[in-house]
Amino acid sequence: MHVFGIDIGGTGIKGAPVDVETGKLLQARKKFDTPRPATPYAMAPVLRELTSSFGWTGPIGSTFPAVVADGTIRTASNVDSSWIGTDAAAMFSKVTGSDVTVLNDADAAGVAEMTFGAGKGEDGPVLMLTFGTGIGTALFIRGQLYPNTELGRVELDGHVAEHRASEHAKTEHDLSWSRWAKRVSEYMHYMERLLSPELIIVGGGISRQSEKFLPLITGVNARIVPAGMLNDAGIVGAAMAAASAAG
């Protein structure tokens with residue numbers, strides 16, 4: 001089955017058609033900047049432009065960087081607060097002319113990684129972390145997702161964790177790899193104390209440079225691996241969710 005997957009982030013919106021049986025992108029993905037401010041009526045036309053640029057008319061899955069319940073946005077940490085209470089699935093369906101399924105961005109990436117990537121075959125507790133504008137989290141027990149964890153928002157030493165340890169924080173504060181890895185280590189250690197994962201999968205755009213920071217992570221007992229699908233996991237997971245919803 002072929003489904004179009006969209007991954008919405010705080011800085012970029014990217015997508016491509018996906019073969020959900022293999023987890024492979026069928027064409028090279030395209031990316032557009034996330035509008036500023038990132039309001040519903042600014043972002044919706046970007047999805048229309050993205051899908052129409054592929055001539056897409058079939059089912060669509062889309063991630064969103066927030067808690068999502070039945071297609072409705074419940075939080076807005078890295079997008080405009082006007083999203084809260086918006087039925088994103090209905091809005092996106094209207095502007096694209098296709099049925100759209102919407103889910104949390106880290107959840108989508110985690111589902112893809114557990115099916116096709118670094119988490120495949122793992123039965124123990126697995127924590128997926130996506131480092132980007134914020135920190136997305138997805139928690140799996142015996143391969144089953146506990147949705148909408150949003151643990152990048154926890155407070156650590158008096159600060160919201162993603163404000164100190166996201167990729168955006170690294171860039172904003174011009175942190176060296178070693179200084180940033182120290183912050184990531186502190187965050188991962190805290191997550192380990194809370195959740196005791198056996199495996200931590202590191203995703204997001206920065207996973208392409210995992211060799212520069214994963215060896216610098218200290219104080220964490222869980223196995224830590226880069227995402228096998230790198231930054232395509234959200235696109236694939238979104239497409240998988242839409243395929244599942246379509247039956």
# chains A, B, ... in the order shown; residues from 1 in each chain; ligands from 1
call {"tool": "select_by_dssp", "arguments": {"residues": "segment 44-243 of chain A", "states": "strand (DSSP E or B)", "output": "PyMOL selection string"}}
result
chain A and resi 60-64+68-69+72-73+87+100-104+126-131+135-141+144-146+155-156+159-160+199-203+223-226
call {"tool": "write_last_selection", "arguments": {"atoms": "N, CA and C atoms", "output": "short mmCIF file (atom, residue, chain, number, x, y, z; two decimals), in the first residue's frame"}}
result
data_model
loop_
_atom_site.label_atom_id
_atom_site.label_comp_id
_atom_site.auth_asym_id
_atom_site.auth_seq_id
_atom_site.Cartn_x
_atom_site.Cartn_y
_atom_site.Cartn_z
N ILE A 60 -3.33 10.18 3.40
CA ILE A 60 -2.19 10.94 3.92
C ILE A 60 -2.11 10.74 5.43
N GLY A 61 -0.90 10.58 5.91
CA GLY A 61 -0.64 10.59 7.35
C GLY A 61 0.26 11.77 7.67
N SER A 62 -0.01 12.44 8.79
CA SER A 62 0.80 13.60 9.16
C SER A 62 1.14 13.56 10.64
N THR A 63 2.38 13.88 10.95
CA THR A 63 2.76 14.05 12.35
C THR A 63 2.45 15.47 12.78
N PHE A 64 2.53 15.69 14.10
CA PHE A 64 2.39 17.04 14.63
C PHE A 64 3.17 17.09 15.95
N VAL A 68 -1.71 14.78 20.50
CA VAL A 68 -2.79 14.69 19.52
C VAL A 68 -3.79 13.63 19.98
N ALA A 69 -5.05 14.01 20.09
CA ALA A 69 -6.10 13.08 20.50
C ALA A 69 -7.19 13.06 19.44
N THR A 72 -7.16 15.89 17.04
CA THR A 72 -7.25 17.25 17.59
C THR A 72 -6.00 17.57 18.41
N ILE A 73 -5.47 18.77 18.24
CA ILE A 73 -4.24 19.19 18.92
C ILE A 73 -4.58 19.65 20.34
N ASP A 87 -9.02 20.82 15.25
CA ASP A 87 -9.11 19.50 14.64
C ASP A 87 -8.21 19.51 13.40
N VAL A 100 -6.89 12.49 5.97
CA VAL A 100 -5.61 12.71 6.66
C VAL A 100 -5.72 12.19 8.09
N THR A 101 -4.75 11.40 8.50
CA THR A 101 -4.62 10.92 9.87
C THR A 101 -3.48 11.69 10.53
N VAL A 102 -3.68 12.20 11.75
CA VAL A 102 -2.68 13.02 12.43
C VAL A 102 -2.31 12.36 13.76
N LEU A 103 -1.01 12.32 14.06
CA LEU A 103 -0.53 11.78 15.33
C LEU A 103 0.71 12.52 15.78
N ASN A 104 1.07 12.31 17.04
CA ASN A 104 2.26 12.93 17.62
C ASN A 104 3.51 12.56 16.82
N VAL A 126 11.49 0.38 25.47
CA VAL A 126 12.29 1.16 24.52
C VAL A 126 11.83 2.61 24.59
N LEU A 127 12.79 3.52 24.63
CA LEU A 127 12.49 4.95 24.60
C LEU A 127 13.08 5.55 23.33
N MET A 128 12.23 6.17 22.53
CA MET A 128 12.67 6.90 21.34
C MET A 128 12.76 8.37 21.69
N LEU A 129 13.90 8.99 21.37
CA LEU A 129 14.09 10.42 21.60
C LEU A 129 14.39 11.08 20.26
N THR A 130 13.66 12.14 19.92
CA THR A 130 13.93 12.87 18.69
C THR A 130 14.39 14.27 19.07
N PHE A 131 15.59 14.63 18.63
CA PHE A 131 16.17 15.93 18.96
C PHE A 131 16.04 16.86 17.76
N ILE A 135 12.40 18.28 22.10
CA ILE A 135 12.76 16.87 22.27
C ILE A 135 11.46 16.07 22.28
N GLY A 136 11.29 15.23 21.28
CA GLY A 136 10.12 14.35 21.24
C GLY A 136 10.44 13.01 21.89
N THR A 137 9.44 12.39 22.49
CA THR A 137 9.64 11.10 23.15
C THR A 137 8.53 10.13 22.77
N ALA A 138 8.91 8.86 22.63
CA ALA A 138 7.93 7.80 22.41
C ALA A 138 8.36 6.59 23.23
N LEU A 139 7.44 6.04 23.98
CA LEU A 139 7.73 4.94 24.90
C LEU A 139 7.01 3.67 24.44
N PHE A 140 7.76 2.58 24.41
CA PHE A 140 7.21 1.29 23.97
C PHE A 140 7.44 0.23 25.03
N ILE A 141 6.41 -0.54 25.32
CA ILE A 141 6.48 -1.68 26.23
C ILE A 141 6.01 -2.91 25.47
N GLN A 144 4.50 -2.19 22.21
CA GLN A 144 3.27 -1.40 22.16
C GLN A 144 3.55 0.05 22.59
N LEU A 145 2.99 0.98 21.85
CA LEU A 145 3.21 2.40 22.11
C LEU A 145 2.32 2.91 23.25
N TYR A 146 2.95 3.67 24.16
CA TYR A 146 2.18 4.49 25.10
C TYR A 146 2.20 5.90 24.53
N GLU A 155 10.86 19.15 33.71
CA GLU A 155 11.82 20.10 34.25
C GLU A 155 13.02 19.35 34.80
N LEU A 156 14.20 19.86 34.49
CA LEU A 156 15.45 19.26 34.93
C LEU A 156 16.34 20.38 35.44
N HIS A 159 14.93 23.82 34.71
CA HIS A 159 14.74 24.23 33.32
C HIS A 159 13.91 23.19 32.59
N VAL A 160 13.11 23.63 31.61
CA VAL A 160 12.45 22.68 30.73
C VAL A 160 13.53 21.96 29.93
N LEU A 199 16.62 0.11 25.93
CA LEU A 199 17.17 0.67 24.70
C LEU A 199 16.67 2.10 24.53
N ILE A 200 17.58 3.01 24.17
CA ILE A 200 17.23 4.37 23.82
C ILE A 200 17.62 4.59 22.37
N ILE A 201 16.64 4.96 21.55
CA ILE A 201 16.89 5.23 20.12
C ILE A 201 16.91 6.75 19.93
N VAL A 202 17.96 7.24 19.32
CA VAL A 202 18.13 8.68 19.13
C VAL A 202 17.82 9.04 17.68
N GLY A 203 16.78 9.86 17.48
CA GLY A 203 16.38 10.27 16.14
C GLY A 203 16.38 11.78 15.99
N ARG A 223 21.30 0.68 26.47
CA ARG A 223 21.94 0.76 25.16
C ARG A 223 21.42 2.00 24.44
N ILE A 224 22.30 2.72 23.78
CA ILE A 224 21.92 3.93 23.04
C ILE A 224 22.36 3.74 21.60
N VAL A 225 21.41 3.87 20.67
CA VAL A 225 21.72 3.67 19.25
C VAL A 225 21.07 4.78 18.43
N PRO A 226 21.66 5.14 17.29
CA PRO A 226 21.00 6.10 16.41
C PRO A 226 19.82 5.46 15.70
#
call {"tool": "residues_around", "arguments": {"residues": "Gly23 of chain A", "least_positions_apart": "3", "cutoff": "9 Å", "atoms": "only C-alpha atoms", "output": "short mmCIF file (atom, residue, chain, number, x, y, z; two decimals) with C-alpha atoms, in the first residue's frame"}}
result
data_model
loop_
_atom_site.label_atom_id
_atom_site.label_comp_id
_atom_site.auth_asym_id
_atom_site.auth_seq_id
_atom_site.Cartn_x
_atom_site.Cartn_y
_atom_site.Cartn_z
CA VAL A 18 5.81 5.75 1.27
CA ASP A 19 5.52 2.02 0.66
CA VAL A 20 4.15 1.05 4.07
CA ALA A 112 8.55 3.32 12.23
CA THR A 115 8.82 -1.80 12.77
CA PHE A 116 11.65 -1.20 10.31
CA ALA A 233 11.16 7.86 10.50
CA VAL A 236 7.19 6.62 7.42
CA GLY A 237 5.39 6.39 10.76
CA ALA A 239 2.11 6.95 6.50
CA MET A 240 1.80 3.75 8.57
#
call {"tool": "select_by_dssp", "arguments": {"residues": "segment 138-187 of chain A", "states": "helix (DSSP H, G or I)", "output": "list in words"}}
result
Leu151, Gly152, Arg153, Ala161, Glu162, His163, Arg164, Ala165, Glu167, His168, Ala169, Lys170, Thr171, Glu172, Trp177, Ser178, Arg179, Trp180, Ala181, Lys182, Arg183, Val184, Ser185, Glu186 and Tyr187 of chain A
call {"tool": "closest_residue", "arguments": {"among": "A:Ile217, A:Thr39, A:Met1, A:Asp7", "to": "Ala238 of chain A", "atoms": "only C-alpha atoms"}}
result
A:Asp7
call {"tool": "closest_residue", "arguments": {"among": "A:Gly119, A:Pro17, A:Gly10, A:Gly85", "to": "Thr51 of chain A", "atoms": "only C-alpha atoms"}}
result
A:Pro17
call {"tool": "closest_residue", "arguments": {"among": "A:Val111, A:Met191, A:Ile6, A:Ala165", "to": "Pro65 of chain A", "atoms": "only C-alpha atoms"}}
result
A:Ile6
call {"tool": "residues_around", "arguments": {"residues": "Arg36 of chain A", "least_positions_apart": "6", "cutoff": "12 Å", "atoms": "only C-alpha atoms", "output": "VMD selection string"}}
result
chain A and resid 10 to 12 42 to 43 78 to 80
call {"tool": "closest_residue", "arguments": {"among": "A:Glu198, A:Glu162, A:Glu211, A:Glu167", "to": "Glu122 of chain A", "atoms": "only C-alpha atoms"}}
result
A:Glu198
call {"tool": "closest_residue", "arguments": {"among": "A:Gly219, A:Pro40, A:Gly247, A:Gly204", "to": "Val95 of chain A", "atoms": "only C-alpha atoms"}}
result
A:Pro40
call {"tool": "atom_distance", "arguments": {"atom1": "atom CA of Glu172 of chain A", "atom2": "atom CA of Lys31 of chain A"}}
result
21.9 Å
call {"tool": "closest_residue", "arguments": {"among": "A:Pro37, A:Pro197, A:Gly234, A:Gly97", "to": "Trp83 of chain A", "atoms": "only C-alpha atoms"}}
result
A:Pro37
call {"tool": "atom_distance", "arguments": {"atom1": "atom CA of Phe54 of chain A", "atom2": "atom CA of Gly5 of chain A"}}
result
11.7 Å
call {"tool": "atom_distance", "arguments": {"atom1": "atom CA of Tyr41 of chain A", "atom2": "atom CA of Ala76 of chain A"}}
result
14.9 Å
call {"tool": "decode", "arguments": {"residues": "segment 157-203 of chain A", "atoms": "C-alpha atoms", "output": "short mmCIF file (atom, residue, chain, number, x, y, z; two decimals), in the first residue's frame"}}
result
data_model
loop_
_atom_site.label_atom_id
_atom_site.label_comp_id
_atom_site.auth_asym_id
_atom_site.auth_seq_id
_atom_site.Cartn_x
_atom_site.Cartn_y
_atom_site.Cartn_z
CA ASP A 157 17.47 21.40 37.36
CA GLY A 158 14.87 24.13 37.13
CA HIS A 159 14.74 24.23 33.32
CA VAL A 160 12.45 22.68 30.73
CA ALA A 161 14.62 19.86 29.40
CA GLU A 162 14.14 20.60 25.71
CA HIS A 163 15.17 24.22 26.24
CA ARG A 164 18.62 22.96 27.27
CA ALA A 165 19.16 19.72 25.37
CA SER A 166 17.36 19.97 22.02
CA GLU A 167 19.21 20.44 18.74
CA HIS A 168 17.76 23.96 18.67
CA ALA A 169 19.35 24.66 22.08
CA LYS A 170 22.72 23.46 20.78
CA THR A 171 22.52 25.87 17.86
CA GLU A 172 21.01 28.76 19.81
CA HIS A 173 23.68 28.63 22.53
CA ASP A 174 26.52 27.67 20.16
CA LEU A 175 27.34 24.59 22.24
CA SER A 176 30.25 22.34 21.37
CA TRP A 177 29.49 18.66 20.87
CA SER A 178 30.96 17.85 24.29
CA ARG A 179 28.98 20.53 26.12
CA TRP A 180 25.77 19.53 24.38
CA ALA A 181 26.44 15.83 25.03
CA LYS A 182 26.78 16.63 28.74
CA ARG A 183 23.27 18.12 28.73
CA VAL A 184 21.89 15.18 26.73
CA SER A 185 23.57 12.79 29.18
CA GLU A 186 21.85 14.50 32.12
CA TYR A 187 18.50 14.28 30.35
CA MET A 188 18.93 10.63 29.38
CA HIS A 189 20.02 9.76 32.92
CA TYR A 190 16.85 11.38 34.26
CA MET A 191 14.72 9.46 31.76
CA GLU A 192 16.47 6.27 32.79
CA ARG A 193 15.67 6.91 36.45
CA LEU A 194 11.99 7.44 35.56
CA LEU A 195 11.44 4.71 32.95
CA SER A 196 14.31 2.17 33.07
CA PRO A 197 14.46 1.61 29.30
CA GLU A 198 16.64 -1.17 27.99
CA LEU A 199 17.17 0.67 24.70
CA ILE A 200 17.23 4.37 23.82
CA ILE A 201 16.89 5.23 20.12
CA VAL A 202 18.13 8.68 19.13
CA GLY A 203 16.38 10.27 16.14
#
